[in-house]
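Student: I'd like to ask some things about the structure below.
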Amino acid sequence: MPGSRFRARHKDESGARTEEKAEQGEKEEEERGDMEKGMGSSLADDCIRDSGSVEDGGCTTAARNIPIAPAQVDAAKVVYGRPTANFAARLAKILFFAHLVAVAILIIFLSIRGFLGRNPAFRPAHWFALLLSAALSSALVATLWLLFVLRHPANAIKASLWLAPSLACAVSVLLLIDGGSSSLAFAVLGLLLALVQSLYGCWIVRRLHHAYEILSSSIAAVQPTPMLAKYVALALLAGLVFSSIWILGAGGVAAGGGSQFAPLYVLLLLLSLGWTMQAIRYTVLVAVAQLAYLSLAFGTETAVPVAFEAAANGALGDVCYGSAVVPMVVAIRGTARAMGLIAGGSDEFLFSCASCYMGVADQLVVRGNRWGFVYARVHGKGLGNASAEVWELFIKQGMGRLIDMDITSSLCFLSGVTGGGVAALVAGSWATAAGKGHVTEVTVYAFIIGYFMTRIAMAWPQACVAAYHVVFAENPQSRRMGSCILARLRELQASPH
């Protein structure tokens, strides 16, 4: 009995000591966690204060020099396990594949119809040789331009401001040489485009320095590995294959002569080309944005095949939905802002609805924007909800004006015009020299194909900038972020306009 009492008392004392050690250990872990948080915040402040320059001053990123905690790696793995399924995305995916089947049937019909009832003046071999050469040249230009942007972002931005209006003007001159009525109409549009681009380049001069900084800092988060280059090349190859098949349908319309349904066929083909190429482009954007987000937010790298598989499977519905909605929202918002600049503070009847139109555009951009693609896959949400949440986050962090003044999308557009201009000059010059007709159709189609091919390649840097904005909005004091956004926000706060 005494021995049993002693053992019981000894057991109680050892249990009490164990509980005391556990409590002491928890306290030590809490104190250690507080110290790490304090060190993290102080490191973030030091990083912001001591920021240097990437290319011409202002931003530094140290994502690859920071040790990665196991919990962060686990969080990065969880990102790819979350599905993004909602009604709009599922419907868009169904409609997208249904549209591919429908356009395949349409292309077969137009090809057979054009071959059977071909206009004697139409030369199929000549037509396909011209547009295939334009498609191949656009793929080459898109690849070279992407390498130029990744290696020399500042020079690429400057070059796009010069080349885009110059090439648009050159294409217009080529169309004027043809002398037809449709050639004249497209030539006037080309000259107007060149004029607007030139004026825009003069207007954004003060924003270029920040554009250099943020583009240089953001693309550093995703290193150009051979595996990533292979997947981007596959995306360009997919665009090239679809363009080559699409050329058959366009040739069928051209061979049919003056059919009363020819404008309708052309419109359907152009809509299909636009939606499909945008879907390829946004697939690349979603995949690269995930890589950039995880690098900037967690300091970890993810396998490129995993990112592209997640974009092509888990986020395909959002990609199909966004590729149809986001370009329209961007176009509406761009025209609304242009109307606002022209109207100014005028109360004339001509500009009375400018503010109303701008309000509608602001509501639309909340439900569909390119930053939403970052959240759509990373946080497993539909594009509409993701766009609304990330836009609310921008407003909460006081980044609304900075996002409005971001010119990354405009620079990507100018790059697309540059690629389209080169493709149009290649095909249009050949068609003009051969003198076998269809110069206008060949030049315009080549421009459109070249534009979309270049936009597919430019999805890489655009995704990096979008992820950079989102990560900064989530944690402005992150030690992985540079000081260029903070400096830009201070400039905008100090500037009344």
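Identifiers in the structure tokens: chain A, B, ... in order shown; residue index from 1 per chain; ligand index from 1 in order shown.
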Please identify all polymer residues within 12 Å of Val196 (chain A), counting only C-alpha atoms, omitting same-chain residues fewer than 2 positions from it, and present them as a PyMOL selection string.
Tutor: chain A and resi 161+164-166+168-169+189-194+198-203+338+414
Student: For the residues selected in the previous step, produce a file with all heavy atoms as a CSV table (one decimal), in the first residue's frame.
Tutor:
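Written file, part-v4.csv:
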chain,number,residue,atom,x,y,z
A,161,LEU,N,6.3,51.9,-78.7
A,161,LEU,CA,5.7,53.2,-78.9
A,161,LEU,C,6.0,53.8,-80.3
A,161,LEU,O,5.3,54.6,-80.8
A,161,LEU,CB,6.1,54.2,-77.8
A,161,LEU,CG,5.6,53.8,-76.4
A,161,LEU,CD1,6.2,54.8,-75.4
A,161,LEU,CD2,4.1,54.0,-76.3
A,164,ALA,N,4.6,50.6,-83.4
A,164,ALA,CA,3.2,50.3,-83.6
A,164,ALA,C,2.6,51.4,-84.6
A,164,ALA,O,2.0,51.0,-85.6
A,164,ALA,CB,2.5,50.3,-82.3
A,165,PRO,N,2.7,52.7,-84.3
A,165,PRO,CA,2.2,53.7,-85.2
A,165,PRO,C,2.9,53.7,-86.6
A,165,PRO,O,2.2,53.9,-87.6
A,165,PRO,CB,2.3,55.0,-84.5
A,165,PRO,CG,3.4,54.8,-83.5
A,165,PRO,CD,3.3,53.4,-83.1
A,166,SER,N,4.2,53.4,-86.6
A,166,SER,CA,4.9,53.4,-87.9
A,166,SER,C,4.4,52.3,-88.8
A,166,SER,O,4.2,52.5,-90.0
A,166,SER,CB,6.4,53.3,-87.6
A,166,SER,OG,6.9,54.4,-86.8
A,168,ALA,N,1.6,50.6,-88.5
A,168,ALA,CA,0.2,50.9,-88.9
A,168,ALA,C,0.1,51.8,-90.1
A,168,ALA,O,-0.7,51.7,-91.0
A,168,ALA,CB,-0.6,51.4,-87.7
A,169,CYS,N,0.9,52.9,-90.1
A,169,CYS,CA,1.0,53.8,-91.2
A,169,CYS,C,1.5,53.1,-92.5
A,169,CYS,O,0.9,53.4,-93.6
A,169,CYS,CB,1.9,55.0,-90.8
A,169,CYS,SG,1.9,56.3,-92.0
A,189,LEU,N,-8.8,53.8,-91.6
A,189,LEU,CA,-8.8,53.3,-90.3
A,189,LEU,C,-7.4,53.1,-89.8
A,189,LEU,O,-7.1,53.4,-88.6
A,189,LEU,CB,-9.6,51.9,-90.2
A,189,LEU,CG,-11.1,52.0,-90.4
A,189,LEU,CD1,-11.7,50.6,-90.4
A,189,LEU,CD2,-11.7,52.8,-89.3
A,190,GLY,N,-6.5,52.6,-90.6
A,190,GLY,CA,-5.1,52.4,-90.2
A,190,GLY,C,-4.4,53.7,-89.9
A,190,GLY,O,-3.6,53.8,-88.9
A,191,LEU,N,-4.7,54.7,-90.7
A,191,LEU,CA,-4.1,56.0,-90.4
A,191,LEU,C,-4.6,56.6,-89.1
A,191,LEU,O,-3.9,57.3,-88.4
A,191,LEU,CB,-4.3,57.0,-91.6
A,191,LEU,CG,-3.6,56.6,-92.9
A,191,LEU,CD1,-4.0,57.6,-94.0
A,191,LEU,CD2,-2.1,56.7,-92.7
A,192,LEU,N,-5.9,56.5,-88.9
A,192,LEU,CA,-6.5,57.0,-87.6
A,192,LEU,C,-5.9,56.2,-86.4
A,192,LEU,O,-5.5,56.8,-85.4
A,192,LEU,CB,-8.0,56.8,-87.6
A,192,LEU,CG,-8.8,57.7,-88.5
A,192,LEU,CD1,-10.3,57.4,-88.5
A,192,LEU,CD2,-8.6,59.2,-88.1
A,193,LEU,N,-5.7,54.9,-86.6
A,193,LEU,CA,-5.0,54.1,-85.5
A,193,LEU,C,-3.6,54.6,-85.3
A,193,LEU,O,-3.2,54.7,-84.1
A,193,LEU,CB,-5.0,52.6,-85.9
A,193,LEU,CG,-4.4,51.7,-84.9
A,193,LEU,CD1,-5.1,51.7,-83.6
A,193,LEU,CD2,-4.3,50.3,-85.5
A,194,ALA,N,-2.9,54.9,-86.3
A,194,ALA,CA,-1.5,55.4,-86.2
A,194,ALA,C,-1.5,56.7,-85.5
A,194,ALA,O,-0.6,57.0,-84.6
A,194,ALA,CB,-0.8,55.4,-87.5
A,198,SER,N,0.2,57.5,-81.8
A,198,SER,CA,1.2,58.5,-81.6
A,198,SER,C,0.8,59.5,-80.5
A,198,SER,O,1.7,59.9,-79.7
A,198,SER,CB,1.4,59.3,-83.0
A,198,SER,OG,1.8,58.4,-84.0
A,199,LEU,N,-0.4,60.0,-80.5
A,199,LEU,CA,-0.9,60.9,-79.5
A,199,LEU,C,-0.8,60.2,-78.1
A,199,LEU,O,-0.5,60.9,-77.1
A,199,LEU,CB,-2.3,61.4,-79.8
A,199,LEU,CG,-2.4,62.3,-81.1
A,199,LEU,CD1,-3.9,62.6,-81.3
A,199,LEU,CD2,-1.6,63.5,-80.9
A,200,TYR,N,-1.2,59.0,-78.1
A,200,TYR,CA,-1.2,58.3,-76.8
A,200,TYR,C,0.3,58.1,-76.3
A,200,TYR,O,0.5,58.3,-75.1
A,200,TYR,CB,-1.8,56.9,-77.0
A,200,TYR,CG,-1.8,56.1,-75.7
A,200,TYR,CD1,-2.8,56.3,-74.7
A,200,TYR,CD2,-0.9,55.0,-75.5
A,200,TYR,CE1,-2.8,55.6,-73.6
A,200,TYR,CE2,-0.9,54.3,-74.3
A,200,TYR,CZ,-1.9,54.5,-73.4
A,200,TYR,OH,-1.9,53.8,-72.2
A,201,GLY,N,1.2,57.9,-77.2
A,201,GLY,CA,2.6,57.8,-76.8
A,201,GLY,C,3.1,59.1,-76.2
A,201,GLY,O,3.9,59.1,-75.2
A,202,CYS,N,2.7,60.2,-76.7
A,202,CYS,CA,3.1,61.5,-76.1
A,202,CYS,C,2.4,61.7,-74.8
A,202,CYS,O,3.0,62.3,-73.9
A,202,CYS,CB,2.7,62.6,-77.1
A,202,CYS,SG,3.6,62.5,-78.7
A,203,TRP,N,1.2,61.2,-74.6
A,203,TRP,CA,0.4,61.5,-73.4
A,203,TRP,C,0.9,60.7,-72.2
A,203,TRP,O,0.8,61.1,-71.1
A,203,TRP,CB,-1.1,61.1,-73.7
A,203,TRP,CG,-2.0,61.4,-72.6
A,203,TRP,CD1,-2.2,62.6,-71.9
A,203,TRP,CD2,-3.0,60.5,-72.0
A,203,TRP,NE1,-3.1,62.4,-70.9
A,203,TRP,CE2,-3.6,61.2,-71.0
A,203,TRP,CE3,-3.3,59.1,-72.3
A,203,TRP,CZ2,-4.6,60.6,-70.2
A,203,TRP,CZ3,-4.3,58.5,-71.5
A,203,TRP,CH2,-4.9,59.2,-70.5
A,338,ALA,N,-11.9,57.6,-72.9
A,338,ALA,CA,-11.6,58.5,-74.0
A,338,ALA,C,-12.7,59.6,-74.1
A,338,ALA,O,-12.4,60.7,-74.3
A,338,ALA,CB,-11.4,57.7,-75.3
A,414,LEU,N,0.0,47.7,-78.1
A,414,LEU,CA,0.9,48.2,-79.1
A,414,LEU,C,1.8,47.1,-79.6
A,414,LEU,O,2.2,47.1,-80.8
A,414,LEU,CB,1.7,49.3,-78.4
A,414,LEU,CG,1.0,50.6,-78.0
A,414,LEU,CD1,1.9,51.5,-77.2
A,414,LEU,CD2,0.4,51.3,-79.2
Student: Which residues come within 8 Å of Gln462 (chain A), counting only C-alpha atoms, excluding same-chain residues fewer than 5 positions away, as a list in words?
Tutor: Leu285, Thr408, Ser409 and Cys412 of chain A
Student: If you take only C-alpha atoms and a cut-off of 9 Å, which residues of region 304-386 of chain A touch region 257-275 of chain A, and what are their nearest atom pairs and distances in Å to one decimal, in chain and number order, as CSV?
Tutor:
residue,atom,partner,partner_atom,distance
A:Cys320,CA,A:Trp275,CA,8.1
A:Ser323,CA,A:Trp275,CA,6.2
A:Ala324,CA,A:Trp275,CA,6.1
Student: With only C-alpha atoms as the basis for distance, which of A:Asn119, A:Ser133, A:Ile280, A:Thr440 is at the shortest distance from Ser181 (chain A)?
Tutor: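 Among the listed residues, the smallest separation from Ser181 (chain A) belongs to A:Thr440.
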Student: Contacts of Val319 (chain A) at 12 Å or less, counting only C-alpha atoms, minus same-chain residues fewer than 4 places along, as an MDAnalysis selection string?
Tutor: chainID A and resid 84:85 88:93 96 275:287 310:315 323:327 368:370 372:374 376:377 382:384
